[in-house]
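File shown: input_35.cif (mmCIF, C-alpha atoms).
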```cif
data_coords
loop_
_atom_site.label_atom_id
_atom_site.label_comp_id
_atom_site.auth_asym_id
_atom_site.auth_seq_id
_atom_site.Cartn_x
_atom_site.Cartn_y
_atom_site.Cartn_z
CA MET S 49 37.47 -1.42 -13.97
CA SER S 50 38.48 0.10 -10.67
CA LEU S 51 37.24 3.29 -9.03
CA THR S 52 40.26 5.06 -10.51
CA GLU S 53 39.25 4.05 -14.03
CA ARG S 54 35.62 4.93 -13.38
CA THR S 55 36.70 8.36 -12.15
CA LYS S 56 38.31 8.95 -15.55
CA LEU S 57 34.93 8.31 -17.14
CA TYR S 58 33.39 10.88 -14.80
CA GLN S 59 35.99 13.40 -15.88
CA GLN S 60 35.30 12.69 -19.55
CA ILE S 61 31.60 13.36 -18.98
CA GLU S 62 32.45 16.58 -17.13
CA ASN S 63 34.73 17.70 -19.96
CA LEU S 64 32.02 16.95 -22.50
CA ARG S 65 29.19 18.57 -20.55
CA LYS S 66 31.20 21.40 -18.97
CA HIS S 67 29.47 20.70 -15.63
CA PRO S 68 30.50 18.85 -12.45
CA LEU S 69 28.98 15.37 -12.21
CA ILE S 70 27.61 13.62 -9.09
CA VAL S 71 26.61 9.94 -9.18
CA TYR S 72 24.11 8.22 -6.88
CA VAL S 73 23.36 4.52 -7.37
CA THR S 74 21.55 2.01 -5.18
CA SER S 75 22.07 -1.68 -5.83
CA LYS S 76 19.47 -3.84 -7.53
CA ARG S 77 21.36 -7.03 -6.75
CA ASP S 78 18.99 -9.87 -5.94
CA GLY S 79 19.24 -10.63 -2.23
CA ALA S 80 21.37 -7.59 -1.43
CA SER S 81 19.69 -4.58 -2.99
CA ALA S 82 19.15 -1.15 -1.51
CA TYR S 83 16.82 1.81 -1.79
CA MET S 84 17.13 5.57 -1.63
CA SER S 85 17.28 6.58 2.02
CA SER S 86 18.29 9.53 4.12
CA ASP S 87 21.61 7.99 5.18
CA ALA S 88 22.96 8.90 1.72
CA LEU S 89 22.31 12.62 2.22
CA PRO S 90 25.55 13.38 4.15
CA SER S 91 27.55 11.87 1.27
CA ILE S 92 25.61 13.92 -1.28
CA ILE S 93 26.14 17.07 0.80
CA ARG S 94 29.88 16.32 0.86
CA GLN S 95 29.81 16.14 -2.93
CA LEU S 96 27.97 19.46 -3.18
CA ASP S 97 30.42 21.10 -0.78
CA THR S 98 33.33 20.20 -3.08
CA LEU S 99 31.81 21.84 -6.16
CA PRO S 100 34.08 24.49 -7.65
CA HIS S 101 33.32 28.07 -6.68
CA GLY S 102 30.95 29.70 -9.12
CA THR S 103 29.32 26.47 -10.32
CA ASN S 104 25.90 27.27 -11.79
CA ALA S 105 24.95 23.90 -13.26
CA VAL S 106 25.33 20.27 -12.11
CA ASP S 107 24.76 16.88 -13.71
CA PHE S 108 23.28 14.24 -11.40
CA LEU S 109 23.48 10.63 -12.61
CA ILE S 110 21.08 8.29 -10.83
CA ALA S 111 20.19 4.59 -11.08
CA SER S 112 17.84 3.14 -8.48
CA TYR S 113 14.60 1.24 -7.96
CA GLY S 114 13.46 4.11 -5.74
CA GLY S 115 12.89 4.49 -2.02
CA ASP S 116 11.84 7.29 0.31
CA PRO S 117 10.16 10.08 -1.73
CA MET S 118 11.25 12.70 0.79
CA VAL S 119 14.86 11.81 0.00
CA ALA S 120 14.17 12.68 -3.65
CA TRP S 121 12.78 16.04 -2.56
CA ARG S 122 15.73 16.62 -0.23
CA ILE S 123 18.29 15.78 -2.91
CA MET S 124 16.82 18.19 -5.43
CA THR S 125 16.34 21.04 -2.95
CA LEU S 126 19.93 20.62 -1.72
CA ILE S 127 21.19 20.89 -5.29
CA ARG S 128 18.89 23.80 -6.14
CA GLU S 129 20.14 25.79 -3.15
CA ARG S 130 23.60 25.77 -4.77
CA VAL S 131 23.08 25.90 -8.53
CA LYS S 132 20.56 27.32 -10.99
CA SER S 133 20.34 24.41 -13.41
CA VAL S 134 20.28 20.64 -12.88
CA SER S 135 20.43 17.89 -15.47
CA VAL S 136 19.61 14.31 -14.45
CA LEU S 137 21.41 11.55 -16.36
CA ILE S 138 19.68 8.17 -16.51
CA PRO S 139 21.82 5.38 -17.98
CA GLN S 140 19.55 2.55 -16.84
CA SER S 141 16.54 2.27 -14.48
CA ALA S 142 15.37 5.17 -12.34
CA TYR S 143 12.10 4.04 -10.82
CA SER S 144 9.75 5.56 -8.30
CA ALA S 145 11.57 8.05 -6.02
CA ALA S 146 14.42 8.18 -8.57
CA THR S 147 11.83 9.35 -11.11
CA LEU S 148 10.82 12.09 -8.68
CA VAL S 149 14.46 13.26 -8.69
CA ALA S 150 14.25 13.49 -12.48
CA PHE S 151 11.06 15.55 -12.17
CA GLY S 152 13.10 18.32 -10.54
CA ALA S 153 15.64 18.53 -13.38
CA ASN S 154 15.73 21.23 -16.04
CA GLU S 155 16.79 18.49 -18.44
CA ILE S 156 16.54 14.70 -18.32
CA ILE S 157 19.21 12.96 -20.37
CA MET S 158 18.09 9.39 -20.91
CA HIS S 159 20.16 6.66 -22.47
CA PRO S 160 18.16 4.49 -24.91
CA ASN S 161 18.49 1.72 -22.30
CA GLY S 162 17.25 3.98 -19.53
CA HIS S 163 13.71 4.21 -18.21
CA LEU S 164 11.63 5.94 -15.57
CA GLY S 165 8.73 4.54 -13.56
CA PRO S 166 5.36 5.47 -12.04
CA VAL S 167 5.40 7.58 -8.87
CA ASP S 168 2.38 6.13 -7.05
CA MET S 169 3.20 5.37 -3.42
CA GLN S 170 3.71 1.74 -2.39
CA ILE S 171 2.70 0.94 1.18
CA SER S 172 3.28 -2.19 3.27
CA THR S 173 1.38 -3.34 6.33
CA PHE S 174 2.03 -6.27 8.62
CA GLY S 175 -0.83 -8.20 10.17
CA GLU S 176 -2.28 -11.66 10.63
CA ARG S 177 -1.76 -12.42 6.95
CA GLY S 178 1.82 -11.30 7.07
CA ARG S 179 3.22 -8.54 4.93
CA GLN S 180 0.88 -6.89 2.43
CA GLN S 181 1.95 -4.32 -0.13
CA PHE S 182 -0.45 -2.08 -2.01
CA SER S 183 -1.12 1.46 -3.16
CA THR S 184 -4.12 3.74 -3.16
CA GLU S 185 -4.71 2.76 -6.77
CA ASP S 186 -5.14 -0.89 -5.72
CA ILE S 187 -7.95 0.01 -3.32
CA SER S 188 -9.63 2.25 -5.91
CA ALA S 189 -9.29 -0.49 -8.53
CA PHE S 190 -10.99 -2.98 -6.20
CA LEU S 191 -13.97 -0.70 -5.64
CA ASP S 192 -14.20 0.05 -9.37
CA PHE S 193 -14.16 -3.69 -10.07
CA VAL S 194 -17.01 -4.21 -7.60
CA ARG S 195 -19.15 -1.46 -9.12
CA ASP S 196 -18.28 -1.71 -12.82
CA ASP S 197 -17.48 -5.37 -13.43
CA LEU S 198 -19.53 -7.14 -10.76
CA LYS S 199 -22.32 -4.56 -11.09
CA ILE S 200 -22.71 -4.33 -7.32
CA THR S 201 -24.11 -0.85 -6.88
CA ASP S 202 -26.14 -1.24 -3.72
CA GLN S 203 -24.42 0.96 -1.16
CA LYS S 204 -25.08 -1.56 1.59
CA HIS S 205 -23.13 -4.26 -0.25
CA VAL S 206 -20.36 -1.88 -1.32
CA ARG S 207 -20.02 -0.74 2.27
CA ALA S 208 -19.79 -4.35 3.49
CA LEU S 209 -17.00 -5.09 1.01
CA PHE S 210 -15.18 -1.93 2.03
CA GLU S 211 -15.43 -2.96 5.68
CA VAL S 212 -13.84 -6.30 4.80
CA THR S 213 -11.03 -4.39 3.06
CA CYS S 214 -10.55 -2.27 6.18
CA LYS S 215 -10.24 -5.42 8.30
CA GLU S 216 -7.62 -6.90 5.98
CA VAL S 217 -5.59 -3.75 5.40
CA GLY S 218 -6.50 -1.70 8.45
CA SER S 219 -8.37 1.57 8.47
CA LEU S 220 -5.20 3.46 9.37
CA GLY S 221 -3.41 1.75 6.48
CA ILE S 222 -6.07 2.96 4.07
CA GLY S 223 -5.84 6.46 5.51
CA PHE S 224 -2.07 6.33 5.16
CA THR S 225 -2.33 5.31 1.50
CA ALA S 226 -4.71 8.20 0.84
CA ARG S 227 -2.26 10.68 2.35
CA SER S 228 0.61 9.05 0.49
CA SER S 229 -1.22 9.40 -2.80
CA LYS S 230 -1.64 13.12 -2.17
CA LEU S 231 2.01 13.36 -1.12
CA ALA S 232 3.19 11.76 -4.37
CA ALA S 233 1.12 14.20 -6.43
CA ASP S 234 2.23 17.16 -4.32
CA LEU S 235 5.92 16.30 -4.54
CA GLY S 236 5.66 15.64 -8.27
CA GLU S 237 4.06 19.02 -8.89
CA ARG S 238 6.50 20.87 -6.64
CA LEU S 239 9.53 19.27 -8.31
CA LEU S 240 8.26 19.98 -11.82
CA ALA S 241 7.40 23.55 -10.80
CA MET S 242 11.09 24.15 -10.03
CA HIS S 243 11.69 24.54 -13.77
CA MET S 244 8.25 24.60 -15.45
CA LYS S 245 7.45 28.22 -14.62
CA ASP S 246 5.85 29.74 -17.72
CA ASP S 247 2.11 29.53 -18.26
CA ASP S 248 2.26 27.01 -21.12
CA THR S 249 4.33 24.46 -19.23
CA ARG S 250 2.53 25.02 -15.91
CA SER S 251 -0.73 24.03 -17.58
CA ARG S 252 0.82 20.66 -18.46
CA LEU S 253 2.33 20.13 -15.02
CA ARG S 254 -0.70 18.51 -13.38
CA ALA S 255 -1.34 16.34 -16.45
CA ILE S 256 2.20 14.94 -16.26
CA VAL S 257 1.84 14.06 -12.58
CA GLU S 258 -1.58 12.52 -13.18
CA THR S 259 -0.18 10.35 -15.97
CA MET S 260 2.87 9.21 -14.01
CA SER S 261 0.86 8.36 -10.89
CA ARG S 262 -2.39 6.91 -12.26
CA LYS S 263 -2.12 5.87 -15.90
CA PHE S 264 0.02 2.76 -15.55
CA GLN S 265 -1.39 -0.44 -14.09
CA SER S 266 1.88 -1.56 -12.52
CA HIS S 267 4.35 0.26 -10.30
CA ALA S 268 7.07 -1.60 -12.22
CA TYR S 269 6.01 -0.22 -15.61
CA PRO S 270 9.13 0.99 -17.48
CA VAL S 271 8.63 4.40 -19.08
CA SER S 272 10.99 4.59 -22.04
CA ARG S 273 12.76 7.65 -23.38
CA THR S 274 10.26 8.06 -26.23
CA GLU S 275 7.26 7.66 -23.92
CA ALA S 276 8.70 10.15 -21.42
CA LEU S 277 8.99 12.68 -24.24
CA ASP S 278 5.37 12.06 -25.26
CA ILE S 279 4.22 12.56 -21.66
CA GLY S 280 5.82 16.00 -21.67
CA LEU S 281 8.87 15.48 -19.45
CA PRO S 282 11.94 17.60 -20.32
CA VAL S 283 13.87 14.73 -21.94
CA ASN S 284 16.65 15.70 -24.33
CA LYS S 285 15.40 15.52 -27.91
CA ASN S 286 18.84 15.61 -29.50
CA ARG S 287 20.90 12.58 -28.61
CA ASN S 288 24.66 12.78 -28.04
CA LYS S 289 26.19 9.42 -28.94
CA SER S 290 29.48 10.20 -27.19
CA LEU S 291 27.69 11.06 -23.95
CA GLU S 292 25.50 7.97 -24.21
CA ARG S 293 28.58 5.80 -24.68
CA LEU S 294 30.19 7.28 -21.57
CA MET S 295 26.99 6.97 -19.53
CA TRP S 296 26.66 3.30 -20.45
CA SER S 297 30.31 2.61 -19.69
CA VAL S 298 29.82 4.14 -16.23
CA TRP S 299 26.76 1.98 -15.65
CA LEU S 300 28.46 -1.23 -16.77
CA ASP S 301 31.37 -0.57 -14.43
CA ILE S 302 29.07 0.19 -11.49
CA GLU S 303 26.99 -2.89 -12.31
CA SER S 304 30.16 -4.95 -12.07
CA GLU S 305 31.25 -3.21 -8.85
CA LEU S 306 27.91 -3.99 -7.18
CA LYS S 307 27.82 -7.54 -8.61
CA GLU S 308 24.29 -6.99 -9.85
CA ASN S 309 24.40 -10.03 -12.13
CA MET S 310 25.36 -12.35 -9.25
CA PRO S 311 22.53 -12.92 -6.72
CA PHE S 312 23.65 -12.86 -3.10
CA ARG S 313 22.91 -16.20 -1.48
CA PRO S 314 24.59 -17.23 1.81
CA LEU S 315 24.73 -20.85 0.69
CA HIS S 316 26.48 -19.86 -2.53
CA GLU S 317 28.97 -17.80 -0.53
CA LEU S 318 29.69 -20.87 1.59
CA LEU S 319 30.19 -23.12 -1.41
CA ARG S 320 32.59 -20.61 -2.99
CA SER S 321 34.64 -20.39 0.20
CA SER S 322 37.49 -22.51 1.54
CA GLN S 323 35.01 -24.23 3.87
CA ALA S 324 33.09 -25.82 1.00
CA ALA S 325 35.28 -28.94 1.02
CA LYS S 326 34.35 -29.63 4.65
CA LEU S 327 30.65 -29.05 4.08
CA LEU S 328 30.68 -31.31 1.02
CA SER S 329 33.04 -33.95 2.39
CA PRO S 330 32.24 -37.62 1.61
CA VAL S 331 29.44 -39.08 3.68
CA PRO S 332 30.71 -42.01 5.85
CA GLN S 333 28.74 -45.20 5.37
CA LEU S 334 28.31 -47.83 8.09
CA ASP S 335 27.66 -51.36 6.84
CA ILE S 336 26.10 -53.46 9.59
CA PRO S 337 25.68 -57.18 9.08
CA GLU S 338 22.07 -58.30 8.85
CA HIS S 339 22.19 -60.47 11.99
CA ALA S 340 24.56 -58.36 14.02
CA THR S 341 23.87 -58.10 17.75
CA ALA S 342 24.44 -55.15 19.98
CA GLY S 343 24.35 -54.32 23.67
CA SER S 344 21.17 -53.16 25.27
CA HIS S 345 22.45 -49.64 25.79
CA TYR S 346 25.40 -47.31 25.25
CA ASN S 347 27.02 -44.78 27.57
CA THR S 348 28.72 -41.58 26.39
CA ASN S 349 29.28 -37.99 27.46
CA ILE S 350 29.83 -34.61 25.82
CA THR S 351 33.60 -35.09 25.84
CA ASP S 352 33.24 -38.23 23.77
CA VAL S 353 30.94 -36.43 21.34
CA THR S 354 33.20 -33.40 20.84
CA GLY S 355 36.21 -35.66 20.59
CA ALA S 356 34.58 -37.49 17.71
CA VAL S 357 34.24 -34.30 15.66
CA THR S 358 36.36 -34.69 12.55
CA ALA S 359 35.84 -31.26 10.92
CA ARG S 360 35.28 -27.76 12.22
CA ILE S 361 33.63 -25.25 9.90
CA ASP S 362 35.17 -21.82 10.29
CA PRO S 363 32.97 -18.70 9.87
CA VAL S 364 32.93 -17.38 6.31
CA ASP S 365 33.28 -13.61 5.90
CA PHE S 366 31.25 -11.72 3.32
CA GLU S 367 31.27 -8.13 2.15
CA PHE S 368 29.35 -6.27 -0.53
CA LYS S 369 28.44 -2.72 -1.53
CA SER S 370 24.81 -1.72 -1.88
CA ALA S 371 24.99 2.01 -2.67
CA LEU S 372 27.46 4.48 -4.15
CA VAL S 373 27.78 8.27 -4.10
CA GLU S 374 30.69 9.27 -6.32
CA SER S 375 32.26 11.98 -8.43
CA SER S 376 35.67 12.80 -9.85
CA ARG S 377 36.50 14.30 -6.45
CA LEU S 378 35.12 11.96 -3.78
CA ALA S 379 33.70 8.46 -3.55
CA ASP S 380 31.53 6.96 -0.81
CA ALA S 381 30.22 3.41 -0.68
CA TYR S 382 27.66 1.76 1.60
CA VAL S 383 29.42 -1.43 2.69
CA ASN S 384 27.79 -4.46 4.30
CA LYS S 385 30.00 -6.88 6.23
CA GLY S 386 29.17 -10.06 8.07
CA LYS S 387 29.88 -13.69 8.79
CA ILE S 388 28.13 -16.91 7.80
CA LEU S 389 28.21 -19.75 10.32
CA ALA S 390 27.37 -23.19 8.94
CA CYS S 391 27.21 -26.88 9.68
CA ARG S 392 26.02 -30.05 7.98
CA LYS S 393 23.37 -31.90 9.94
CA PRO S 394 23.04 -35.69 10.14
CA ASP S 395 20.26 -35.51 7.53
CA LEU S 396 22.88 -33.87 5.23
CA VAL S 397 21.07 -30.51 5.12
CA ILE S 398 23.49 -27.58 5.38
CA ASN S 399 22.28 -25.12 8.01
CA TYR S 400 23.66 -21.60 8.09
CA ASN S 401 23.31 -18.55 10.26
CA VAL S 402 23.97 -15.06 8.85
CA VAL S 403 25.34 -12.44 11.23
CA THR S 404 25.64 -8.87 9.99
CA VAL S 405 28.70 -7.30 11.60
CA SER S 406 28.38 -3.79 10.17
CA ARG S 407 26.54 -1.71 7.61
CA SER S 408 28.05 1.73 7.09
CA TRP S 409 29.20 4.35 4.62
CA GLU S 410 32.92 4.25 3.89
CA GLN S 411 34.44 7.42 2.54
CA SER S 412 37.46 7.79 0.32
CA GLN S 413 39.00 10.35 -1.99
CA THR S 414 39.46 9.33 -5.60
CA LYS S 415 43.05 8.68 -6.57
CA THR S 416 42.86 10.11 -10.06
CA ASP S 417 44.47 13.50 -10.45
CA ILE S 418 41.76 16.14 -10.30
CA PRO S 419 41.94 18.69 -13.14
CA GLU S 420 42.75 22.18 -12.03
CA GLY S 421 39.71 24.20 -11.02
CA GLN S 422 37.37 21.22 -10.61
CA ALA S 423 37.47 21.14 -6.81
CA PRO S 424 38.81 23.61 -4.28
CA LYS S 425 41.85 22.41 -2.37
CA THR S 426 40.41 23.05 1.07
CA PRO S 427 41.18 20.93 4.15
CA GLU S 428 37.61 19.71 4.42
CA ASN S 429 37.95 18.17 0.96
CA GLN S 430 40.94 16.09 2.00
CA VAL S 431 39.16 13.01 3.26
CA THR S 432 40.98 10.13 4.90
CA ALA S 433 40.52 6.97 2.86
CA MET S 434 37.98 4.50 4.19
CA ASN S 435 36.75 6.74 6.97
CA THR S 436 33.63 4.98 8.26
CA THR S 437 30.36 6.68 9.13
CA LYS S 438 27.88 4.45 10.89
CA GLN S 439 24.34 4.21 9.55
CA PRO S 440 21.54 5.79 11.61
CA PRO S 441 19.06 3.45 13.33
CA LEU S 442 16.51 1.73 11.14
CA PRO S 443 13.19 3.59 11.01
CA SER S 444 10.11 1.95 12.47
CA GLY S 445 6.67 1.61 10.93
CA SER S 446 5.01 -0.11 7.99
CA PHE S 447 6.94 0.34 4.80
CA PRO S 448 6.90 -1.00 1.29
CA THR S 449 9.93 -2.97 0.32
CA ASP S 450 10.74 -6.60 0.85
CA VAL S 451 13.77 -7.45 2.97
CA THR S 452 15.47 -10.69 2.05
CA PHE S 453 18.93 -9.80 3.24
CA PRO S 454 19.08 -10.36 7.02
CA MET S 455 19.04 -7.44 9.39
CA PRO S 456 21.61 -7.11 12.20
CA SER S 457 19.79 -9.77 14.24
CA GLN S 458 20.80 -13.30 13.43
CA VAL S 459 18.79 -15.25 10.90
CA SER S 460 18.86 -19.03 10.62
CA ARG S 461 18.05 -20.76 7.36
CA SER S 462 18.82 -24.09 5.80
CA SER S 463 20.01 -24.93 2.32
CA ALA S 464 16.52 -26.21 1.60
CA ASP S 465 15.29 -22.61 1.72
CA ASP S 466 17.36 -21.78 -1.34
CA THR S 467 15.24 -24.05 -3.51
CA GLN S 468 12.46 -21.49 -3.27
CA SER S 469 12.50 -18.32 -5.32
CA ARG S 470 12.62 -15.21 -3.15
CA ARG S 471 12.59 -12.69 -5.99
CA ASN S 472 9.55 -10.64 -6.86
CA ASP S 473 8.49 -10.24 -10.49
CA ALA S 474 8.11 -6.49 -10.17
CA PRO S 475 11.49 -4.74 -10.18
CA ALA S 476 10.15 -1.92 -8.06
CA ASP S 477 9.51 -4.43 -5.30
CA GLU S 478 13.06 -5.74 -5.10
CA PRO S 479 14.54 -6.40 -1.62
CA ASN S 480 16.13 -3.36 -0.08
CA ARG S 481 18.56 -2.39 2.61
CA LYS S 482 15.99 -0.87 4.94
CA GLU S 483 12.25 -0.59 4.92
CA ASP S 484 10.61 2.74 4.14
CA ARG S 485 7.98 4.36 2.00
CA ASN S 486 8.60 3.83 -1.68
CA SER S 487 7.05 6.42 -3.93
#
```
Go ahead and render the structure in this file as structure tokens.
Amino acid sequence: MSLTERTKLYQQIENLRKHPLIVYVTSKRDGASAYMSSDALPSIIRQLDTLPHGTNAVDFLIASYGGDPMVAWRIMTLIRERVKSVSVLIPQSAYSAATLVAFGANEIIMHPNGHLGPVDMQISTFGERGRQQFSTEDISAFLDFVRDDLKITDQKHVRALFEVTCKEVGSLGIGFTARSSKLAADLGERLLAMHMKDDDTRSRLRAIVETMSRKFQSHAYPVSRTEALDIGLPVNKNRNKSLERLMWSVWLDIESELKENMPFRPLHELLRSSQAAKLLSPVPQLDIPEHATAGSHYNTNITDVTGAVTARIDPVDFEFKSALVESSRLADAYVNKGKILACRKPDLVINYNVVTVSRSWEQSQTKTDIPEGQAPKTPENQVTAMNTTKQPPLPSGSFPTDVTFPMPSQVSRSSADDTQSRRNDAPADEPNRKEDRNS
């Protein structure tokens, strides 16, 4: 499907639900995935500014492995400043910070294939041992293991082990995880309190946050629709098969648009390009007689060397989308563009260098006719197709997510690197566009 066809699905959902729909998706594509970050907020604000006058309720469809928890808070407060009721639609995975977004919804509409995730903060530090990722629960679990399983109760020994932990992680890192743990609980409670206001539900509020932040032993644990209901989250009890069909159709089309089933590998991009024939050209063989003689030395210069070059490998362009903010009115995509430079060395290893040319949001207006009354026809809503907004500078600091896709600086790798798996087992730890705190 194209964006035009997907927009028709959005309109069908809006007609069924009688609410405007906004979609926010970050890619989970292996090697080119993204996370929820503040650079998406201007696009979300644009969507909110095009809501029809008098709108009191909004549907917000989200699919993401998470990201910055403050973005989740910002998204929900932006929506709440404009409407009274919010429903979050989850067709597939909505982990971590995406789960926090769902916390702020009056109603969570989960597809049977959809799932939420724990909201414990994930922190990364960089030191002598390289990148380390952990949460406050990991440190607490270590100390519990020492006391309960190893039966080491002497405070002197426990203190010594804790000092070793501080050296490995850093005392500031441990302090940061402690604050992050409190932040996750605080945000979870604040978001739930947006709609859980009566005494009965408020009494369950803290229990829900405690369960979603401490009960599960893995940040990648998938909380199903049934389990979310048992926990006490406001998940729809009555399923609407027509809505579920539309939600899943939207997800399948977005999954195809983001190429989530096709890992991004520079070497694969090279071998699918027109330059593959040069890189895989036959290897010339030189048969030298066993008793052949040769001169004592040879003379040559750079002109002779360059003149002997038989093939020149042109740069290979690549482009992919890693995030979408869409509706039946507007559509923005975070587009990554770059070039791959390659050569085949004498040892037949293909070396490549990835250069990111740009990473930015590209804005366009959907081409499908907008039903009357769905969006005001104001000049600010008439957006020039493919108007590019550059991404803000990358934040600094120690953050959680792995980055396998190269940053704007050049990265050299050889084809031998691609024999090693670079994918983490835990989906919440997938590589992302930028590094930041992941709730």
Checklist entry - What is the atom CA of S:Arg273-atom CA of S:Arg254 distance in Å, reported with one decimal? => result 20.0 Å
Spatial neighbours of S:Lys66, max dist 9 Å, only C-alpha atoms, sep filter under 4 positions, as a PDB file with C-alpha atoms, in the frame of the given file:
```
ATOM      1  CA  ILE S  61      31.600  13.360 -18.980  1.00  0.00           C
ATOM      2  CA  GLU S  62      32.450  16.580 -17.130  1.00  0.00           C
ATOM      3  CA  ALA S 105      24.950  23.900 -13.260  1.00  0.00           C
TER       4      ALA S 105
END
```
Next on the checklist: I'd like to know which of S:Gly236, S:Pro363, S:Gly386, S:Gly165 is closest to S:Phe264, using all atoms listed in the file.
Outcome noted: S:Gly165
Write out, as CSV, each residue of stretch 260-345 of chain S that has an atom at most 12 Å from stretch 68-78 of chain S, together with the closest pair of atoms and their distance in Å to one decimal, counting all atoms listed in the file, rows going by chain and rising number.
```
residue,atom,partner,partner_atom,distance
S:Met295,CA,S:Val71,CA,10.8
S:Val298,CA,S:Val71,CA,9.7
S:Trp299,CA,S:Val73,CA,9.3
S:Asp301,CA,S:Val73,CA,11.8
S:Ile302,CA,S:Val73,CA,8.3
S:Glu303,CA,S:Ser75,CA,8.2
S:Ser304,CA,S:Arg77,CA,10.5
S:Glu305,CA,S:Ser75,CA,9.8
S:Leu306,CA,S:Ser75,CA,6.4
S:Lys307,CA,S:Arg77,CA,6.7
S:Glu308,CA,S:Arg77,CA,4.3
S:Asn309,CA,S:Arg77,CA,6.9
S:Met310,CA,S:Arg77,CA,7.1
S:Pro311,CA,S:Asp78,CA,4.7
S:Phe312,CA,S:Asp78,CA,6.2
S:Arg313,CA,S:Asp78,CA,8.7
```
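Atom pair atom CA of S:Ile156 / atom CA of S:Leu281 has a distance of 7.8 Å (rounded to one decimal).
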